[in-house]
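Trainee: Quick one: structure below, then a few questions.
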Number of protein chains: 4
Amino acid sequence: MAAQKAVGIISKPNKPELSGIVPPLVAWLRKHRYEIVGDLETAPHCPGLEVVARDQISSRALNLVIVLGGDGTLISAARAVAKAGIPVLGINLGSLGFLTEVPLEDLYPTLEAIENQCCNVQVRSMVHCDVFREAQCIAQFDALNDVVIGKATIARLNHCDVYVDQLFVSSYQADSLIVSTPTGSTAYSLAAGGPILMPEVNAFVITPVSAHSLTHRPLVVHDSSEIEIRARTGEDNAYLSIDGQIGMPVLDGDRLHCRKSQYQVKLLHTQGTFFDVLRAKLKWGQR
Amino acid sequence: MAAQKAVGIISKPNKPELSGIVPPLVAWLRKHRYEIVGDLETAPHCPGLEVVARDQISSRALNLVIVLGGDGTLISAARAVAKAGIPVLGINLGSLGFLTEVPLEDLYPTLEAIENQCCNVQVRSMVHCDVFREAQCIAQFDALNDVVIGKATIARLNHCDVYVDQLFVSSYQADSLIVSTPTGSTAYSLAAGGPILMPEVNAFVITPVSAHSLTHRPLVVHDSSEIEIRARTGEDNAYLSIDGQIGMPVLDGDRLHCRKSQYQVKLLHTQGTFFDVLRAKLKWGQR
Amino acid sequence: MAAQKAVGIISKPNKPELSGIVPPLVAWLRKHRYEIVGDLETAPHCPGLEVVARDQISSRALNLVIVLGGDGTLISAARAVAKAGIPVLGINLGSLGFLTEVPLEDLYPTLEAIENQCCNVQVRSMVHCDVFREAQCIAQFDALNDVVIGKATIARLNHCDVYVDQLFVSSYQADSLIVSTPTGSTAYSLAAGGPILMPEVNAFVITPVSAHSLTHRPLVVHDSSEIEIRARTGEDNAYLSIDGQIGMPVLDGDRLHCRKSQYQVKLLHTQGTFFDVLRAKLKWGQR
Amino acid sequence: MAAQKAVGIISKPNKPELSGIVPPLVAWLRKHRYEIVGDLETAPHCPGLEVVARDQISSRALNLVIVLGGDGTLISAARAVAKAGIPVLGINLGSLGFLTEVPLEDLYPTLEAIENQCCNVQVRSMVHCDVFREAQCIAQFDALNDVVIGKATIARLNHCDVYVDQLFVSSYQADSLIVSTPTGSTAYSLAAGGPILMPEVNAFVITPVSAHSLTHRPLVVHDSSEIEIRARTGEDNAYLSIDGQIGMPVLDGDRLHCRKSQYQVKLLHTQGTFFDVLRAKLKWGQR
């Protein structure tokens with residue numbers, strides 16, 4: 001008898017069209033003998049579906065999580081299931097995403113491919129961040145895209161000192177400072193002038209946003225390094241942001257320690273190369 | 001009985017002040033029982049010195065090559081001795097270089113440190129480039145900084161197609177396309193908008209210069225990749241440039257295959273971190 | 001009998017060294033028969049000085065305002081006195097500023113030069129901003145450097161639509177959108193990738209910060225144009241910032257109308273060109 | 001009796017499809033009582049057409065020149081007829097151009113609009129360049145887009161000193177230095193990192209390409225200024241390029257004097273704003 005198969009469904013909020021998408025998907029999965037759970041955003045679209053909070057979904061022994069949404073939903077889902085090592089399939093509901101490259105019309109062919117094991121897993125590194133206040137680690141995060149320290153007030157630039165493996169790099173005065181993974185290099189870091197890192201490059205890129213010093217350029221460091229950022233915000237607060245989705249205030253003297261996470265995100269994909277996505281998303285001239 | 005020690009001296013052309021520098025250096029080295037050879041630029045400053053052409057100097061079993069000059073001279077010397085694995089010490093005669101960080105006044109303390117083995121070796125990767133015309137490999141180069149394909153005529157943009165590990169990346173229309181090592185990332189690539197790569201990052205960066213498409217950004221690829229550039233120059237020629245120092249014309253259809261070189265450059269240095277040099281050269285705000 | 005001469009002094013907060021600077025300055029001015037008023041920051045350093053709040057200082061018929069501080073203090077002072085057309089002399093207490101180019105040691109020679117009318121006045125344009133909420137103009141500002149609309153929350157990009165002279169330019173998704181005068185072009189706009197505009201260019205530059213679309217580049221428009229920015233912030237607020245010093249929250253649907261101010265700032269200076277300052281501040285290679 | 005109407009046709013080389021376009025165009029123009037001349041590229045497509053060399057076409061009293069091609073052809077045509085003040089209508093044969101925004105299918109409606117005077121003329125400034133060698137002016141050019149001084153050899157950076165109205169700006173070490181009109185600001189200067197200038201801004205932008213100094217940013221100067229560039233090329237040549245189409249070698253010590261041309265280009269257009277073209281060409285997000 002075959003091992004039980006189980007799948008989770010995570011959905012983007014406020015997408016009424018999901019009511020036409022989720023029920024047939026659930027039917028297909030049941031027909032193929034999957035156990036199914038859905039998060040709180042998915043549940044309303046499919047009465048009778050077992051519901052599990054997104055941050056509890058990784059406690060279930062799932063073979064796969066299907067994300068119905070865009071890159072934002074996938075990133076959130078990926079953080080939720082990375083610790084459990086569950087592969088993620090992103091189905092984009094709108095325009096092409098860097099991560100959710102499978103369009104809705106390819107949902108069932110892609111699931112068939114997964115059933116037939118004709119599917120690749122792309123492993124993406126994450127960045128872990130410990131937040132220290134005085135001697136204590138007060139928070140920990142794992143980000144798929146980036147760890148960003150930004151100004152919380154309008155007028156003042158953000159000051160911070162950066163160290164790599166305990167070596168002083170520089171003081172930065174900037175709107176924000178981004179520590180990005182290769183995956184995040186096509187997100188906020190790119191908008192801020194950073195380079196594109198292929199997923200397999202073992203590196204982070206430290207990209208300042210609107211640095212006061214014009215010679216402060218994006219810095220690519222090996223991902224075996226520890227990057228320490230010391231906030232020098234004076235009486236103002238700064239704000240720490242994880243994948244642009246969650247975060248917390250940072251006080252003067254707080255220290256962020258960023259290093260490669262022990263967790264990774266496993267992205268399923270069946271078609272197209274990293275460059276195919278870049279060319280399509282960035283509208284690079286085709287050959 | 002101790003093994004024989006031997007050192008080579010390579011000098012920057014047209015530096016009359018070397019006549020005051022080379023003789024005492026030679027005297028110091030002789031006193032410390034080194035055999036000494038100098039290149040053709042060094043010889044005039046020290047009658048009696050054994051002379052060897054720069055590209056022959058690696059045929060001698062040297063423990064060390066001392067470069068008197070700037071980054072340009074060091075890069076040229078490094079290419080000459082990399083195959084033989086000879087360590088290089090760069091003494092800058094003018095302003096601080098990214099590679100020749102030891103000022104003249106630290107020459108003898110640095111040599112003492114080398115004698116006492118209180119000296120670090122920093123290993124820098126190189127990029128190898130095979131030039132194919134039709135079925136034939138017509139030239140081969142190893143560059144410490146960069147391989148650049150640029151337009152040879154004024155009016156026309158350079159066209160080329162880029163592949164990484166045989167996957168099509170994009171067509172580029174640009175003044176030039178740079179394939180840079182981490183070492184080269186602080187040279188021409190930086191001027192063209194590229195990021196700074198720390199020396200230990202296992203990557204190359206592909207940086208276009210004045211790309212016609214505004215979304216063509218620097219691309220960081222793993223240095224285990226092969227980067228292929230296919231020239232599409234029509235009736236015009238393009239020009240291949242190695243470290244901005246040597247080169248050859250490139251014709252329509254020629255293919256450049258760039259990959260990590262089997263050779264490395266061993267830079268001796270006694271002081272300062274990579275970041276110390278960046279802060280000084282780029283005038284980053286000090287803490 | 002000569003007309004009465006009057007001067008105001010505006011000082012940077014929290015600069016104890018002013019206690020050694022203000023009293024002799026006041027003595028010099030009295031000796032040269034100036035009436036003198038100081039703002040609240042100046043007063044503690046010189047008992048007996050007549051005190052006027054900074055925003056009231058322009059109600060006094062002053063020939064000159066002396067600013068002791070840096071660019072930030074001068075910009076604040078300039079906004080305060082521009083309506084009254086009072087010339088401003090900036091004395092920098094620390095490092096060279098773009099606007100406060102006169103170092104402390106040149107204070108008295110500069111005042112002598114002003115006495116002898118050997119002094120140039122450089123007129124700098126300002127940008128006026130009307131803030132409309134529904135049919136009503138709820139606030140008005142004049143900025144010397146820039147009008148900035150930025151995100152007030154961390155995670156979301158700022159959306160806005162831009163019109164020039166009622167023609168639709170584009171929707172922008174960015175951290176901030178800057179409307180800068182030529183004077184402001186060396187401040188925040190420069191950090192965000194904008195060009196440098198010489199003071200006499202009759203233009204504003206619209207510079208997005210970290211625009212989501214990589215092809216959104218700084219746009220230079222004639223300063224006879226009206227630039228309208230329509231905030232599309234949804235449920236989030238945005239924040240309007242004037243010279244990075246004052247501001248107010250902006251709601252979804254608010255419209256900013258930016259045009260050339262009827263006021264101008266008159267900067268006194270005795271030496272050096274605009275380019276001399278650029279070369280010194282930006283550390284451009286000297287000839 | 002109405003004044004005689006006359007039109008010139010200038011065509012892009014090597015476009016066989018013109019044989020299907022030129023004859024009906026000539027028939028239409030004849031029907032509407034125009035005298036017609038064509039350049040050497042147009043002639044082969046329409047036997048019997050009076051032929052005039054492109055650089056002689058402005059000697060004919062023409063009411064209009066129709067350009068069949070792309071931006072490159074229009075720029076060349078515009079330089080040829082600007083002195084005579086003849087308006088130019090650009091019909092693009094391929095993809096949308098910044099200047100040739102009228103697609104082929106709108107050719108006859110546009111001509112009807114011109115007949116009915118329902119057509120706008122957009123006046124574009126040009127930059128004039130005098131080339132001085134020692135005391136002598138050895139060449140003169142008027143450019144619609146840009147005057148570029150670039151390196152003629154591969155390895156060496158181009159050195160030059162720049163003055164604005166006889167005031168020293170800076171020495172530049174760069175691949176090229178561009179002096180661009182507002183029209184040219186969307187061409188090479190944009191690729192090199194320059195801002196977009198609206199056509200009515202009275203300014204030039206000086207944009208360095210891959211400047212050695214990272215703080216050398218595009219500089220916008222009033223177009224009443226004279227920009228002087230002094231070549232410091234040593235033993236190498238540099239190369240002067242006008243609109244990327246014509247040019248000449250530049251020697252060490254040569255001086256380029258750039259100022260606003262006395263000539264202007266009159267572009268006919270019937271539809272669309274400058275921003276419509278920007279949004280379409282640069283693929284800016286639509287509202």
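Each chain in the structure tokens gets a letter, A, B and so on, in the order shown; residues start at 1 in every chain, and ligands are counted from 1 in the order they appear.
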Using DSSP on the backbone coordinates, identify all residues within range 29-242 of chain A classified as strand (DSSP E or B); present the result as a PyMOL selection string.
Mentor: chain A and resi 34-38+50-51+64-69+88-92+102-103+120-133+136-143+146-151+158-164+167-174+176-180+196-197+203-209+219-222+227-231+238-242
Trainee: At a cut-off of 7 Å, using only C-alpha atoms, what residues contact Lys151 in chain A? Leave out same-chain residues fewer than 5 positions from it and give the result as a VMD selection string.
Mentor: chain A and resid 157 to 158 175 to 176 238 to 239
Trainee: Could you please take those selected residues and save C-alpha atoms as a PDB file, in the first residue's frame?
Mentor:
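Saved as result-v9.pdb:
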ATOM      1  CA  LEU A 157      18.689  59.113   7.459  1.00  0.00           C
ATOM      2  CA  ASN A 158      19.356  55.748   8.954  1.00  0.00           C
ATOM      3  CA  ASP A 175      17.290  55.330   3.775  1.00  0.00           C
ATOM      4  CA  SER A 176      17.665  51.588   4.270  1.00  0.00           C
ATOM      5  CA  ALA A 238      14.705  52.244  12.920  1.00  0.00           C
ATOM      6  CA  TYR A 239      12.565  49.423  11.611  1.00  0.00           C
TER       7      TYR A 239
END
Trainee: Neighbours of Ala191 in chain B within 8 Å (only C-alpha atoms; same-chain residues fewer than 6 positions away dropped), as a PyMOL selection string?
Mentor: chain D and resi 210-214
Trainee: If the cut-off is 7 Å, can you tell me the residues of chain A near chain B, counting only C-alpha atoms? I'd like them as a list in words.
Mentor: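 Going by the stated atoms only, the list reads Val169, Ser170, Ser171, Pro195, Ile196, Leu197, Met198, Glu200, Val201, Ala203, Ser213, Thr215, His216, Arg217, Pro218, Leu219, Val220, Val221, His222, Phe275, Leu282, Trp284, Gly285, Gln286 and Arg287 of chain A.
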Trainee: Fewer than 4 positions away in the same chain doesn't count, so skip those; otherwise give me all residues within 12 Å of His269 in chain D, counting only C-alpha atoms, as a ChimeraX atom specification.
Mentor: /D:66,87-91,98-103,106-107,109-111,113-114,117-123,273-274,277
Trainee: Can you pull out every residue from range 12-129 of chain B that DSSP, working from the backbone, puts in alpha helix (DSSP H), and format the result as a PyMOL selection string?
Mentor: chain B and resi 22-31+71-81+107-115
Trainee: Could you please determine the separation between CA of Gln56 in chain A and CA of Ser76 in chain A in Å, to one decimal place?
Mentor: 12.9 Å
Trainee: So how far away is CA of Gly85 in chain D from CA of Leu29 in chain D, in Å?
Mentor: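 Interatomic distance here is 20.8 Å.
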Trainee: Measure the distance from CA of Val147 in chain C to CA of Ser189 in chain D in Å and round it to one decimal.
Mentor: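 Interatomic distance, CA of Val147 in chain C to CA of Ser189 in chain D: 26.3 Å.
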Trainee: Considering only C-alpha atoms, return as a list in words whatever protein or nucleic-acid residues lie within 8 Å of range 2-13 of chain A, sequence-local ones (same chain, fewer than 6 positions apart) excluded.
Mentor: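 Contacts, with the query itself left out: Arg33, Tyr34, Glu35, Ile36, Val37, Gly38, Asp39, Glu41, Thr42, Arg54, Ile57, Ala61, Leu62, Asn63, Leu64, Val65, Ile66, Val67, Leu68, Gly69, Gly70, Thr73 and Ala77 of chain A.
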Trainee: If you keep C-alpha atoms, can you produce a file of those selected residues as a PDB file, in the first residue's frame?
Mentor:
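Final file, part_27.pdb:
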ATOM      1  CA  ARG A  33      -5.749  10.354  -3.226  1.00  0.00           C
ATOM      2  CA  TYR A  34      -4.213  13.334  -1.511  1.00  0.00           C
ATOM      3  CA  GLU A  35      -5.162  14.384   1.966  1.00  0.00           C
ATOM      4  CA  ILE A  36      -5.743  18.115   1.840  1.00  0.00           C
ATOM      5  CA  VAL A  37      -5.556  21.013   4.261  1.00  0.00           C
ATOM      6  CA  GLY A  38      -6.066  24.675   3.486  1.00  0.00           C
ATOM      7  CA  ASP A  39      -5.128  27.870   5.298  1.00  0.00           C
ATOM      8  CA  GLU A  41      -7.597  32.273   3.246  1.00  0.00           C
ATOM      9  CA  THR A  42      -8.330  29.104   1.304  1.00  0.00           C
ATOM     10  CA  ARG A  54      -0.684  29.140   7.944  1.00  0.00           C
ATOM     11  CA  ILE A  57       0.666  24.105   8.349  1.00  0.00           C
ATOM     12  CA  ALA A  61       3.412  15.934   7.247  1.00  0.00           C
ATOM     13  CA  LEU A  62       2.822  17.384   3.817  1.00  0.00           C
ATOM     14  CA  ASN A  63       4.427  16.340   0.551  1.00  0.00           C
ATOM     15  CA  LEU A  64       3.668  19.646  -1.087  1.00  0.00           C
ATOM     16  CA  VAL A  65       2.223  23.073  -0.527  1.00  0.00           C
ATOM     17  CA  ILE A  66       0.390  24.704  -3.405  1.00  0.00           C
ATOM     18  CA  VAL A  67       0.375  28.489  -3.286  1.00  0.00           C
ATOM     19  CA  LEU A  68      -2.396  30.284  -5.166  1.00  0.00           C
ATOM     20  CA  GLY A  69      -1.388  33.916  -5.486  1.00  0.00           C
ATOM     21  CA  GLY A  70       1.661  35.930  -6.388  1.00  0.00           C
ATOM     22  CA  THR A  73       1.968  34.945  -0.988  1.00  0.00           C
ATOM     23  CA  ALA A  77       4.161  30.511   2.566  1.00  0.00           C
TER      24      ALA A  77
END
Trainee: Select, from A:Asn14, A:Asn116, A:Gln140, A:Thr181, the residue with the minimum atom-to-atom distance to Asp243 in chain A, counting only C-alpha atoms.
Mentor: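 Comparing A:Asn14, A:Asn116, A:Gln140, A:Thr181 against Asp243 in chain A, the winner is A:Thr181.
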Trainee: Would you kindly return, as number ranges by chain, each protein, DNA or RNA residue with an atom no farther than 6 Å from any atom of range 255-257 of chain D, considering only C-alpha atoms and excluding same-chain residues fewer than 2 positions away?
Mentor: D: 129-132, 227-230
